[in-house]
Amino acid sequence: MVGVAATFDARPDTASKFQANPATRDSSWVRYLIIGVGLTYFALFLLLPLIAVFVEAFRKGAGVYFSALVEPDALSAIRLTLLAAALSVPFNLIFGLAAAWAIAKFQFRGKNFLITLIDLPFSVSPVVAGLIYVLVFGLQGWFGPWLREHDIKIIFAVPGIILATTFVTFPFIARELIPLMQAQGRDEEEAAISLGASGFQTFWRVTIPNIKWALLYGIILCNARAMGEFGAVSVVSGHIRGETNTMPLQVEILYNEYQFAAAFAVASLLALLALVTLVLKTYVEWRAHHHNAIAEE
Amino acid sequence: MSIEVIGVNKTFGSFTALNNVSLNFPDGELVALLGPSGCGKTTLLRVIAGLEHPDSGRIVLDGIDATDKDVRQRRVGFVFQHYALFRHMTVFENIAFGLRVRPRRERPSEKEIRAKVTRLLDLVQLGWVANRFPSQLSGGQRQRIALARALAVEPRVLLLDEPFGALDAKVRKELRRWLRTLHDELHISSIFVTHDQEEALEVSDRIVLVNKGNVEQIGSPKEIYEQPATAFAYGFIGAVNEFRGRVDGGFVRVGDERLRFETGNFKDGQEVIAFSRPHDTEIVANPQSDDGVSASINRILGSGSVARVELVANGDAREGRKDFFEVEIPGTEVQSLGLSTGQHVKLRGRRLSVFPVQNTTKAAS
Amino acid sequence: MSGVNKRVLPGFGLSLGFTLVYLSLIVLIPLSAVFIKTTTMSWHEFLDAVASPRVIASYKLTFGASFLAALINAVFGLLLAWGLTRYPFPGRKIVDALIDLPFALPTAVAGIALTAIYAKNGWVGSLLEPLGIKIAFGPPGVLVALTFIGLPFVVRTVQPVLEDLETEYEEAAASLGATRWQAFQRVVFPTLFPALLTGFALAFARAVGEYGSVIFIAGNIPMVSEITPLIIITKLEQFDYKGATAVASVMLVISFLLLLVINGLQAWTARRTGRAI
C-alpha cells in the first residue's frame, strides 16, 4: 500500500507539450510562483537534510570520518546489514515471483483479498512489526520456552533481525510484478506452451525477460528498505554492539553517545546507498520507458 | 489431420460457452468458425488446441482421443488473436522458439534451425525483417510472423483465432487472399475463428456457424449463403429483409398486410419470421396491391446496373422501432417503375424463406 | 475428471501454495499474535494500557501531527507535481528523481539530519530561533519529520494522473470561454481529486506508524512530544509486554481501517481516471 507511490512506471516528459499549447499554458507569474514555492519546499524538506548528512559527517575532518567507518563495531554493523539484505531480498524475490505468477496467470476466488493481504505489511507500523516477532519468539512468547530449552536465540539475535527485515520488505517485489504481469496477460505463455515449451522453459524464456525491469525495480526498492530499516529491527535487536547492530542502529547508538561526527559518518554511507538507489531506479525507469516506447512504436 | 469434437460442454460460471457441441473437421480443409462475438467459437478453438479443458465431451485427433493430452502433446499450431509474439525476441528467435525448446535429443542443429526459419520467413515473404523486434512490425507483418512461428513446429493442424481481427480493412483483404493461397500450397488442416461473414464466405472451404454455444449450420460457403438452415443463419449471413407475422394459408400476415410464400409445413396462425435477400425482394409501385408490405422510399443509391433502394416501413412502428428495408434492383427498373424518394410502395419477396419463431431465436443484424 | 489437466499453464498449485504458506508464516500468524495476546487481558487491564492519559496524549500527537503533515504534503505535493509535469525548468529531472528520497533514505538518517538542521544551532533552526520559533525537541519537530517521510506520496499519486490528462479537456474548457483558473478548478482539479485524496491517505497512514525519523527530533517528552510507537517501545523496554501489545492492537486496527479506506480510494481513482495505480 504505502509503496504505491513508488510503483514501477516510466514517466513521459510532458512539460513542453503543455507549455506549447495556449489552452494549457499558464501565465509566467503563476509558473514562477509554483516553481518557486515548490522548490523552496523541496529544498527545506529534502535537499537540506541530504546535504546536512555529508556536511556533519565531515565536520571533524576526513580522518575522523574514515576512522569511524573502519571501527570494528561499524564494520560489524555493515556486515550484519548486508547479511540481512542478502537473505530477506531473495526470500521476498521468490515470494514475489510465486505470488505474481499465481495471481496474474490464473483465475481463483479471493484474489483481491489476497492482494490486500500482501500489502498488509506496508500499513503496519515498523514498531508493531518488531513486536509481533517478540510475541512469537521472545522469552515470554509462544515458542520462547521451547527455544530456550533448545538453546536457540531468535529475538535479540540475528535471525530476529532477518525476520523483521523480511516482514517490512515483504510486499515490495510482489507489488511491482502483480500489476505488470496482470496487464501482460497469458497470451505469450500460452503461445510458448503451444509451441512445445515446458513450464520451466516458458517461465525462463518468456515470462522473466518480459518482467525483468519491474523485477529489478522491485529488488532495488526492497534492498534499500532492507538495509535502512530501523524501527522493526530496533525492537528485535537488543542493541548488542558488534553483534546485533545494523547500520541504522549503529547510527542511533553513536548519536545517543554524542559522537555526532561518527554517527553522521555511518549515516553518510546509508545516504549514499539511498542516492545509488535513486540513480538505479531512475535508470531502470528510463530503460523501461525506452523499452515501452519501442513496443508502442 | 481429422478433428472430431464429441459432445463438448464448457461453462464459465453461469455462462454456457459450448453446449453439447459435436463436429467433424475433415482433413486438409480450411474451415471457418463463424458467429457473433461471445458465441463460443473462440472457446471451441481453444478447447481443440488444449488451451481450455472441456467440462465434458471428447476431442479426437486423427482417431486418437486427445482429451487428456495437454497442448504440448497435441501438435497443433495456434495463432493468437493479438499474435502473442514474444516481444523481447527478434522475429527470427520468435520463429525458432518452438525448435529451441525441444528436448536436446529432438532438437535440430543450429544450422537446421537457421535453414528452417529462413525457409519459413521466405514462405511468409518477410525474410528481410528477421532481425527486427515484433514492435517494429506492422500488424499484417506480425500476423504473418505469428503464422510462421506456429508452422515452425510442423503442426498437424493450424488454429487461428480471429486472424485478421486487429487489422485495418485494406490489410485484412490482402491477408485474406494470402492465407487462402498459403493454404492451397500447404494443405494443412486449418480452422479459423471469425465474426466477419464476408471473410468466412470468401476464404473458407467450409463454414461452421455457431450461435450461443450451439452449432447452427455446417456447409460450404455457397450452401450457407444460399440455403440458410435456421433463422439465425439467414439473419447472420448477408444483408436481409425481415418480416414478422403469422401464417395464414399461403401467406404470411404482417399486420393488416400479407406476403405470399410457397413452401413449408406451417400451421395456420403459427408465428413466423420471413426473410428475403435484397436482390430477391421486389418493389410493387402500386401501394394498393393486395400482396406485399407497404413501405416508403427513403433513398435511392446508385443508378448503374444495380440500384439500391432503402425503404422504411409504413405506419406504426412495431415493437417501438421502425423496420428498414433494402432492395437491389436493376437501375433500369428505377426508371420503368418511376420510383422517387418519399413514394409509397409495397414490398414482396421473390423467394421468401420462412422460419418458425422460436422462443429465443432472434436474427442478428 | 482429474483436476491435473485443468489448467494450461503449470505451477498454479505450487505458486499459490507457496504464496499462502509464506504469507501465513511471515505476516498473518505473527500479526495474529497481537490479537491473541490482547484477549488474555481483562477489559480493565486493556483500558488501563490503551487509555491512560500519557497514551491518550500520544494518540493526539501522533494522529494530529500525521494529519497536519499529510495536509501540508497534499498542498505542496500538488504544487510540486504540477510544476514537474507542466513546466520545463533547469534541474527538473534531478528534482523529480530526488522526490523519492524519503522512500530510499533510512529513517534514522533522516531523523538525525532533520534534527541537525532544525535544532536551534542548525541551518534553519538558527534562523527561526530569534523569531521565537522552536522546532526540534517538541511537537513541531514531529510535524517536520512526518512531513519529510510523507512527501513523495502525494506527488507520486497525482503526477501520473496529471501526465495522462489529455490537453483536450483544457482545450475544450478554453474553447467554451473558461479562464485558466476556471479550467483548473472545474475540469482539472475534480479529475485529480481522487488521486490527491489517495496520496493524502497514504501519507497519513505512513506517518501514523513512523518511528525512526521522529524519535531523534521529537525530544520525546511524556505528555508533550511522545508518539504512540515510542510508547510501545518504552513499554517493551519495561517488560510490559501486555501493555505494549494492547497499544499495538489499537494501532493495528487503525492501520487496517486505513488500508480499507485507501483500497476504496484507489478503486475510486482508477474508476475516475481509467488508470490502475
# chains A, B, ... in the order shown; residues from 1 in each chain; ligands from 1
$ select_by_dssp --residues "range 79-291 of chain B" --states "strand (DSSP E)" --output "compact mmCIF listing (two decimals) with all heavy atoms, in the first residue's frame"
# COMPACT_ATOMS: atom_id res chain seq x y z
N VAL B 79 -2.47 -19.69 -33.66
CA VAL B 79 -2.14 -18.28 -33.93
C VAL B 79 -3.10 -17.42 -33.12
O VAL B 79 -4.31 -17.50 -33.31
CB VAL B 79 -2.24 -17.96 -35.43
CG1 VAL B 79 -1.93 -16.49 -35.66
CG2 VAL B 79 -1.30 -18.84 -36.22
N VAL B 157 -2.32 -29.45 -37.36
CA VAL B 157 -3.46 -28.61 -37.70
C VAL B 157 -3.13 -27.18 -37.28
O VAL B 157 -2.39 -26.95 -36.33
CB VAL B 157 -4.74 -29.11 -36.99
CG1 VAL B 157 -4.55 -29.12 -35.50
CG2 VAL B 157 -5.94 -28.25 -37.35
N LEU B 158 -3.67 -26.24 -38.02
CA LEU B 158 -3.39 -24.84 -37.73
C LEU B 158 -4.69 -24.20 -37.22
O LEU B 158 -5.73 -24.31 -37.87
CB LEU B 158 -2.96 -24.16 -39.03
CG LEU B 158 -2.19 -22.86 -38.95
CD1 LEU B 158 -0.98 -23.01 -38.05
CD2 LEU B 158 -1.75 -22.45 -40.35
N LEU B 159 -4.61 -23.59 -36.04
CA LEU B 159 -5.80 -22.97 -35.47
C LEU B 159 -5.55 -21.47 -35.38
O LEU B 159 -4.55 -21.04 -34.81
CB LEU B 159 -6.07 -23.54 -34.07
CG LEU B 159 -6.19 -25.07 -34.02
CD1 LEU B 159 -6.25 -25.54 -32.57
CD2 LEU B 159 -7.42 -25.54 -34.77
N LEU B 160 -6.43 -20.69 -35.95
CA LEU B 160 -6.23 -19.23 -35.96
C LEU B 160 -7.41 -18.54 -35.31
O LEU B 160 -8.55 -18.72 -35.72
CB LEU B 160 -6.06 -18.72 -37.40
CG LEU B 160 -4.98 -19.39 -38.25
CD1 LEU B 160 -5.61 -20.38 -39.22
CD2 LEU B 160 -4.16 -18.37 -39.01
N ASP B 161 -7.11 -17.74 -34.28
CA ASP B 161 -8.16 -17.05 -33.54
C ASP B 161 -8.30 -15.63 -34.09
O ASP B 161 -7.39 -14.82 -33.93
CB ASP B 161 -7.78 -17.02 -32.05
CG ASP B 161 -8.89 -16.42 -31.21
OD1 ASP B 161 -9.97 -16.14 -31.75
OD2 ASP B 161 -8.67 -16.24 -30.00
N SER B 189 -4.61 -28.91 -42.52
CA SER B 189 -5.95 -28.68 -41.97
C SER B 189 -5.92 -27.41 -41.14
O SER B 189 -5.07 -27.26 -40.27
CB SER B 189 -6.37 -29.82 -41.06
OG SER B 189 -6.23 -31.04 -41.72
N SER B 190 -6.84 -26.51 -41.41
CA SER B 190 -6.82 -25.24 -40.69
C SER B 190 -8.23 -24.85 -40.25
O SER B 190 -9.19 -25.09 -40.98
CB SER B 190 -6.27 -24.11 -41.56
OG SER B 190 -5.02 -24.49 -42.12
N ILE B 191 -8.30 -24.29 -39.07
CA ILE B 191 -9.58 -23.77 -38.59
C ILE B 191 -9.34 -22.33 -38.16
O ILE B 191 -8.39 -22.06 -37.44
CB ILE B 191 -10.09 -24.57 -37.38
CG1 ILE B 191 -10.19 -26.06 -37.73
CG2 ILE B 191 -11.44 -24.03 -36.92
CD1 ILE B 191 -10.56 -26.92 -36.55
N PHE B 192 -10.16 -21.42 -38.65
CA PHE B 192 -10.01 -20.06 -38.13
C PHE B 192 -11.35 -19.53 -37.64
O PHE B 192 -12.41 -19.89 -38.13
CB PHE B 192 -9.36 -19.13 -39.16
CG PHE B 192 -10.24 -18.74 -40.32
CD1 PHE B 192 -10.88 -17.50 -40.33
CD2 PHE B 192 -10.38 -19.57 -41.40
CE1 PHE B 192 -11.67 -17.12 -41.41
CE2 PHE B 192 -11.17 -19.20 -42.49
CZ PHE B 192 -11.81 -17.98 -42.49
N VAL B 193 -11.22 -18.70 -36.61
CA VAL B 193 -12.39 -18.13 -35.96
C VAL B 193 -12.62 -16.74 -36.53
O VAL B 193 -11.66 -15.98 -36.71
CB VAL B 193 -12.15 -18.04 -34.44
CG1 VAL B 193 -13.03 -16.99 -33.81
CG2 VAL B 193 -12.40 -19.39 -33.80
N THR B 194 -13.84 -16.40 -36.84
CA THR B 194 -14.11 -15.05 -37.31
C THR B 194 -15.55 -14.66 -37.00
O THR B 194 -16.41 -15.51 -36.85
CB THR B 194 -13.85 -14.92 -38.83
OG1 THR B 194 -14.15 -13.59 -39.23
CG2 THR B 194 -14.73 -15.87 -39.62
N ARG B 206 -15.24 -24.45 -45.90
CA ARG B 206 -16.41 -24.89 -45.16
C ARG B 206 -16.62 -23.93 -44.00
O ARG B 206 -15.66 -23.42 -43.43
CB ARG B 206 -16.13 -26.30 -44.62
CG ARG B 206 -17.28 -26.96 -43.91
CD ARG B 206 -16.85 -28.33 -43.43
NE ARG B 206 -16.51 -29.21 -44.55
CZ ARG B 206 -17.40 -29.98 -45.17
NH1 ARG B 206 -18.64 -30.01 -44.78
NH2 ARG B 206 -17.03 -30.75 -46.17
N ILE B 207 -17.89 -23.70 -43.70
CA ILE B 207 -18.20 -22.78 -42.61
C ILE B 207 -18.96 -23.53 -41.53
O ILE B 207 -19.87 -24.30 -41.83
CB ILE B 207 -19.05 -21.59 -43.11
CG1 ILE B 207 -18.22 -20.71 -44.05
CG2 ILE B 207 -19.57 -20.75 -41.95
CD1 ILE B 207 -19.00 -19.58 -44.69
N VAL B 208 -18.55 -23.32 -40.29
CA VAL B 208 -19.32 -23.82 -39.16
C VAL B 208 -19.92 -22.58 -38.49
O VAL B 208 -19.20 -21.73 -37.99
CB VAL B 208 -18.45 -24.58 -38.15
CG1 VAL B 208 -19.26 -24.97 -36.93
CG2 VAL B 208 -17.83 -25.81 -38.81
N LEU B 209 -21.24 -22.50 -38.53
CA LEU B 209 -21.90 -21.32 -37.98
C LEU B 209 -22.29 -21.60 -36.54
O LEU B 209 -22.99 -22.58 -36.27
CB LEU B 209 -23.12 -20.99 -38.83
CG LEU B 209 -23.81 -19.67 -38.53
CD1 LEU B 209 -22.88 -18.50 -38.75
CD2 LEU B 209 -25.05 -19.53 -39.42
N VAL B 210 -21.81 -20.78 -35.62
CA VAL B 210 -22.02 -21.03 -34.21
C VAL B 210 -22.85 -19.89 -33.61
O VAL B 210 -22.64 -18.73 -33.94
CB VAL B 210 -20.67 -21.11 -33.45
CG1 VAL B 210 -20.87 -21.54 -32.02
CG2 VAL B 210 -19.73 -22.08 -34.16
N ASN B 211 -23.78 -20.25 -32.74
CA ASN B 211 -24.54 -19.22 -32.03
C ASN B 211 -24.85 -19.70 -30.62
O ASN B 211 -25.38 -20.80 -30.45
CB ASN B 211 -25.84 -18.92 -32.78
CG ASN B 211 -26.62 -17.80 -32.12
OD1 ASN B 211 -26.03 -16.87 -31.58
ND2 ASN B 211 -27.93 -17.90 -32.16
N ASN B 214 -24.07 -23.19 -29.60
CA ASN B 214 -24.60 -24.28 -30.42
C ASN B 214 -24.15 -24.12 -31.86
O ASN B 214 -23.98 -23.00 -32.34
CB ASN B 214 -26.13 -24.26 -30.40
CG ASN B 214 -26.66 -24.55 -29.02
OD1 ASN B 214 -26.47 -25.64 -28.49
ND2 ASN B 214 -27.29 -23.55 -28.42
N VAL B 215 -24.00 -25.26 -32.56
CA VAL B 215 -23.71 -25.21 -33.98
C VAL B 215 -25.03 -25.03 -34.71
O VAL B 215 -25.95 -25.83 -34.57
CB VAL B 215 -23.01 -26.49 -34.45
CG1 VAL B 215 -22.84 -26.47 -35.96
CG2 VAL B 215 -21.65 -26.60 -33.76
N GLU B 216 -25.15 -23.95 -35.49
CA GLU B 216 -26.40 -23.68 -36.20
C GLU B 216 -26.42 -24.39 -37.54
O GLU B 216 -27.44 -24.89 -37.97
CB GLU B 216 -26.56 -22.17 -36.42
CG GLU B 216 -26.79 -21.38 -35.15
CD GLU B 216 -28.28 -21.28 -34.79
OE1 GLU B 216 -29.12 -21.46 -35.67
OE2 GLU B 216 -28.56 -21.02 -33.60
N GLN B 217 -25.30 -24.36 -38.22
CA GLN B 217 -25.26 -24.95 -39.57
C GLN B 217 -23.82 -25.20 -39.97
O GLN B 217 -22.92 -24.46 -39.61
CB GLN B 217 -25.93 -24.01 -40.58
CG GLN B 217 -26.13 -24.63 -41.94
CD GLN B 217 -26.88 -23.71 -42.89
OE1 GLN B 217 -27.21 -22.58 -42.54
NE2 GLN B 217 -27.16 -24.20 -44.09
N ILE B 218 -23.62 -26.28 -40.75
CA ILE B 218 -22.32 -26.56 -41.31
C ILE B 218 -22.49 -26.70 -42.81
O ILE B 218 -23.44 -27.34 -43.26
CB ILE B 218 -21.74 -27.88 -40.76
CG1 ILE B 218 -21.71 -27.83 -39.24
CG2 ILE B 218 -20.34 -28.13 -41.31
CD1 ILE B 218 -21.35 -29.15 -38.62
N GLY B 219 -21.61 -26.11 -43.58
CA GLY B 219 -21.75 -26.27 -45.02
C GLY B 219 -20.72 -25.46 -45.77
O GLY B 219 -19.94 -24.71 -45.17
N ASN B 241 -33.83 -8.71 -45.57
CA ASN B 241 -35.03 -8.02 -45.11
C ASN B 241 -35.84 -8.99 -44.27
O ASN B 241 -35.94 -10.17 -44.57
CB ASN B 241 -35.85 -7.53 -46.29
CG ASN B 241 -35.12 -6.47 -47.08
OD1 ASN B 241 -34.58 -5.53 -46.49
ND2 ASN B 241 -35.05 -6.63 -48.38
N GLU B 242 -36.40 -8.47 -43.20
CA GLU B 242 -37.02 -9.33 -42.21
C GLU B 242 -38.47 -8.91 -42.03
O GLU B 242 -38.77 -7.73 -41.88
CB GLU B 242 -36.23 -9.14 -40.91
CG GLU B 242 -36.67 -9.96 -39.75
CD GLU B 242 -35.91 -9.55 -38.49
OE1 GLU B 242 -34.71 -9.19 -38.57
OE2 GLU B 242 -36.53 -9.56 -37.42
N PHE B 243 -39.37 -9.91 -42.10
CA PHE B 243 -40.80 -9.63 -41.86
C PHE B 243 -41.28 -10.59 -40.78
O PHE B 243 -41.04 -11.79 -40.87
CB PHE B 243 -41.61 -9.86 -43.13
CG PHE B 243 -41.10 -9.11 -44.33
CD1 PHE B 243 -40.23 -9.73 -45.24
CD2 PHE B 243 -41.47 -7.79 -44.57
CE1 PHE B 243 -39.74 -9.04 -46.34
CE2 PHE B 243 -40.98 -7.10 -45.68
CZ PHE B 243 -40.11 -7.73 -46.56
N ARG B 244 -41.98 -10.09 -39.78
CA ARG B 244 -42.51 -10.96 -38.73
C ARG B 244 -44.03 -10.99 -38.82
O ARG B 244 -44.66 -9.96 -39.02
CB ARG B 244 -42.09 -10.46 -37.35
CG ARG B 244 -40.66 -10.83 -37.03
CD ARG B 244 -40.12 -10.04 -35.88
NE ARG B 244 -38.75 -10.44 -35.64
CZ ARG B 244 -38.42 -11.39 -34.77
NH1 ARG B 244 -39.34 -12.02 -34.07
NH2 ARG B 244 -37.15 -11.74 -34.63
N GLY B 245 -44.59 -12.16 -38.68
CA GLY B 245 -46.04 -12.24 -38.75
C GLY B 245 -46.54 -13.64 -38.43
O GLY B 245 -45.82 -14.42 -37.80
N ARG B 246 -47.78 -13.94 -38.90
CA ARG B 246 -48.37 -15.25 -38.64
C ARG B 246 -48.77 -15.89 -39.96
O ARG B 246 -49.12 -15.20 -40.92
CB ARG B 246 -49.61 -15.11 -37.77
CG ARG B 246 -49.28 -14.72 -36.34
CD ARG B 246 -50.53 -14.55 -35.51
NE ARG B 246 -50.17 -13.99 -34.22
CZ ARG B 246 -49.64 -14.71 -33.23
NH1 ARG B 246 -49.46 -16.02 -33.37
NH2 ARG B 246 -49.30 -14.13 -32.10
N VAL B 247 -48.71 -17.22 -39.98
CA VAL B 247 -49.07 -17.93 -41.20
C VAL B 247 -50.58 -17.87 -41.38
O VAL B 247 -51.34 -18.04 -40.43
CB VAL B 247 -48.59 -19.39 -41.13
CG1 VAL B 247 -49.12 -20.19 -42.32
CG2 VAL B 247 -47.07 -19.43 -41.09
N ASP B 248 -51.00 -17.63 -42.64
CA ASP B 248 -52.43 -17.55 -42.95
C ASP B 248 -52.59 -18.13 -44.35
O ASP B 248 -52.45 -17.43 -45.35
CB ASP B 248 -52.87 -16.08 -42.90
CG ASP B 248 -54.36 -15.94 -43.18
OD1 ASP B 248 -55.05 -16.97 -43.29
OD2 ASP B 248 -54.80 -14.78 -43.32
N PHE B 251 -50.01 -17.43 -47.14
CA PHE B 251 -49.48 -16.09 -46.89
C PHE B 251 -48.86 -16.00 -45.49
O PHE B 251 -49.18 -16.77 -44.61
CB PHE B 251 -50.59 -15.05 -47.00
CG PHE B 251 -51.18 -14.92 -48.36
CD1 PHE B 251 -52.29 -15.66 -48.73
CD2 PHE B 251 -50.60 -14.07 -49.30
CE1 PHE B 251 -52.83 -15.56 -50.00
CE2 PHE B 251 -51.14 -13.95 -50.57
CZ PHE B 251 -52.26 -14.69 -50.93
N VAL B 252 -47.99 -15.00 -45.38
CA VAL B 252 -47.57 -14.58 -44.05
C VAL B 252 -48.29 -13.26 -43.80
O VAL B 252 -48.17 -12.32 -44.61
CB VAL B 252 -46.05 -14.36 -43.97
CG1 VAL B 252 -45.67 -13.82 -42.60
CG2 VAL B 252 -45.31 -15.64 -44.27
N ARG B 253 -49.06 -13.22 -42.75
CA ARG B 253 -49.79 -12.00 -42.48
C ARG B 253 -48.95 -11.09 -41.58
O ARG B 253 -48.57 -11.45 -40.48
CB ARG B 253 -51.14 -12.33 -41.82
CG ARG B 253 -52.04 -11.13 -41.63
CD ARG B 253 -53.48 -11.52 -41.39
NE ARG B 253 -54.16 -12.02 -42.59
CZ ARG B 253 -54.58 -11.24 -43.60
NH1 ARG B 253 -54.40 -9.93 -43.53
NH2 ARG B 253 -55.18 -11.76 -44.64
N VAL B 254 -48.65 -9.92 -42.11
CA VAL B 254 -47.85 -8.95 -41.36
C VAL B 254 -48.75 -7.76 -41.08
O VAL B 254 -49.06 -7.00 -41.98
CB VAL B 254 -46.61 -8.49 -42.16
CG1 VAL B 254 -45.78 -7.51 -41.34
CG2 VAL B 254 -45.77 -9.68 -42.59
N GLU B 257 -51.37 -6.59 -43.57
CA GLU B 257 -50.94 -6.92 -44.92
C GLU B 257 -50.45 -8.35 -44.99
O GLU B 257 -50.31 -9.02 -43.96
CB GLU B 257 -49.85 -5.93 -45.36
CG GLU B 257 -50.38 -4.52 -45.41
CD GLU B 257 -49.27 -3.49 -45.48
OE1 GLU B 257 -48.24 -3.68 -44.80
OE2 GLU B 257 -49.42 -2.51 -46.21
N ARG B 258 -50.17 -8.79 -46.21
CA ARG B 258 -49.74 -10.18 -46.32
C ARG B 258 -48.71 -10.37 -47.41
O ARG B 258 -48.64 -9.61 -48.39
CB ARG B 258 -50.94 -11.08 -46.54
CG ARG B 258 -51.74 -10.70 -47.77
CD ARG B 258 -53.02 -11.52 -47.83
NE ARG B 258 -53.54 -11.51 -49.18
CZ ARG B 258 -54.51 -12.31 -49.62
NH1 ARG B 258 -55.01 -13.22 -48.81
NH2 ARG B 258 -54.95 -12.24 -50.85
N LEU B 259 -47.92 -11.41 -47.23
CA LEU B 259 -46.87 -11.74 -48.18
C LEU B 259 -47.11 -13.18 -48.63
O LEU B 259 -47.29 -14.07 -47.79
CB LEU B 259 -45.50 -11.66 -47.50
CG LEU B 259 -44.94 -10.28 -47.16
CD1 LEU B 259 -43.83 -10.43 -46.14
CD2 LEU B 259 -44.42 -9.61 -48.41
N ARG B 260 -47.03 -13.40 -49.94
CA ARG B 260 -47.24 -14.75 -50.44
C ARG B 260 -45.96 -15.57 -50.25
O ARG B 260 -44.86 -15.07 -50.43
CB ARG B 260 -47.62 -14.69 -51.93
CG ARG B 260 -48.03 -16.04 -52.53
CD ARG B 260 -48.18 -15.91 -54.03
NE ARG B 260 -49.14 -14.88 -54.40
CZ ARG B 260 -50.47 -15.07 -54.38
NH1 ARG B 260 -50.97 -16.23 -53.98
NH2 ARG B 260 -51.27 -14.10 -54.73
N GLU B 271 -46.60 -18.38 -35.46
CA GLU B 271 -45.77 -17.17 -35.54
C GLU B 271 -44.52 -17.47 -36.33
O GLU B 271 -43.83 -18.45 -36.05
CB GLU B 271 -45.40 -16.71 -34.13
CG GLU B 271 -45.40 -15.21 -33.99
CD GLU B 271 -45.07 -14.80 -32.57
OE1 GLU B 271 -45.69 -15.35 -31.63
OE2 GLU B 271 -44.20 -13.95 -32.42
N VAL B 272 -44.23 -16.67 -37.34
CA VAL B 272 -43.07 -16.96 -38.19
C VAL B 272 -42.27 -15.69 -38.45
O VAL B 272 -42.72 -14.58 -38.18
CB VAL B 272 -43.50 -17.55 -39.56
CG1 VAL B 272 -44.07 -18.94 -39.40
CG2 VAL B 272 -44.46 -16.61 -40.25
N ILE B 273 -41.08 -15.92 -38.96
CA ILE B 273 -40.25 -14.81 -39.40
C ILE B 273 -39.84 -15.12 -40.85
O ILE B 273 -39.46 -16.24 -41.15
CB ILE B 273 -39.04 -14.64 -38.46
CG1 ILE B 273 -38.16 -13.49 -38.90
CG2 ILE B 273 -38.23 -15.90 -38.34
CD1 ILE B 273 -37.24 -13.06 -37.78
N ALA B 274 -40.04 -14.16 -41.72
CA ALA B 274 -39.78 -14.39 -43.14
C ALA B 274 -38.61 -13.52 -43.59
O ALA B 274 -38.51 -12.36 -43.19
CB ALA B 274 -41.03 -14.05 -43.94
N PHE B 275 -37.71 -14.12 -44.36
CA PHE B 275 -36.53 -13.39 -44.82
C PHE B 275 -36.54 -13.29 -46.33
O PHE B 275 -36.99 -14.19 -47.03
CB PHE B 275 -35.26 -14.12 -44.41
CG PHE B 275 -35.02 -14.14 -42.94
CD1 PHE B 275 -35.23 -15.30 -42.22
CD2 PHE B 275 -34.58 -13.01 -42.28
CE1 PHE B 275 -35.00 -15.34 -40.86
CE2 PHE B 275 -34.35 -13.04 -40.93
CZ PHE B 275 -34.55 -14.20 -40.21
N SER B 276 -35.96 -12.20 -46.79
CA SER B 276 -35.79 -12.05 -48.22
C SER B 276 -34.51 -11.25 -48.47
O SER B 276 -34.31 -10.20 -47.87
CB SER B 276 -37.00 -11.31 -48.79
OG SER B 276 -36.75 -10.92 -50.10
N THR B 281 -35.86 -9.25 -53.43
CA THR B 281 -37.02 -8.50 -52.97
C THR B 281 -37.52 -7.61 -54.12
O THR B 281 -36.72 -7.03 -54.85
CB THR B 281 -36.64 -7.64 -51.75
OG1 THR B 281 -35.99 -8.47 -50.79
CG2 THR B 281 -37.88 -7.02 -51.13
N GLU B 282 -38.83 -7.57 -54.27
CA GLU B 282 -39.42 -6.80 -55.37
C GLU B 282 -40.13 -5.56 -54.83
O GLU B 282 -40.66 -5.57 -53.72
CB GLU B 282 -40.48 -7.63 -56.09
CG GLU B 282 -39.91 -8.73 -56.95
CD GLU B 282 -41.02 -9.56 -57.57
OE1 GLU B 282 -42.04 -9.81 -56.90
OE2 GLU B 282 -40.86 -9.94 -58.73
N ILE B 283 -40.13 -4.54 -55.66
CA ILE B 283 -40.89 -3.35 -55.33
C ILE B 283 -42.13 -3.31 -56.23
O ILE B 283 -42.01 -3.44 -57.45
CB ILE B 283 -40.07 -2.06 -55.52
CG1 ILE B 283 -38.89 -2.06 -54.53
CG2 ILE B 283 -40.94 -0.82 -55.35
CD1 ILE B 283 -38.01 -0.86 -54.64
N VAL B 284 -43.28 -3.19 -55.60
CA VAL B 284 -44.51 -3.03 -56.37
C VAL B 284 -44.91 -1.56 -56.26
O VAL B 284 -45.13 -1.05 -55.15
CB VAL B 284 -45.63 -3.92 -55.79
CG1 VAL B 284 -46.90 -3.80 -56.64
CG2 VAL B 284 -45.17 -5.36 -55.73
$ interface_residues --of "chain B" --to "chain C" --cutoff "12 Å" --atoms "only C-alpha atoms" --output "number ranges by chain"
B: 46-47, 49-58, 66-73
$ interface_residues --of "chain A" --to "chain B" --cutoff "12 Å" --atoms "only C-alpha atoms" --output "PyMOL selection string"
chain A and resi 107-109+184-213+291-297
$ closest_residue --among "B:Lys212, B:Leu175, B:Ile113, B:His344" --to "Thr16 in chain B" --atoms "only C-alpha atoms"
B:Lys212
$ closest_residue --among "B:Glu29, B:Glu93, B:Glu223, B:Glu333" --to "Ile188 in chain B" --atoms "only C-alpha atoms"
B:Glu29
$ select_by_dssp --residues "range 200-247 of chain A" --states "helix (DSSP H, G or I)" --output "PyMOL selection string"
chain A and resi 200-228+231-237+247
$ atom_distance --atom1 "CA of Gln19 in chain A" --atom2 "CA of Ala195 in chain C"
23.2 Å
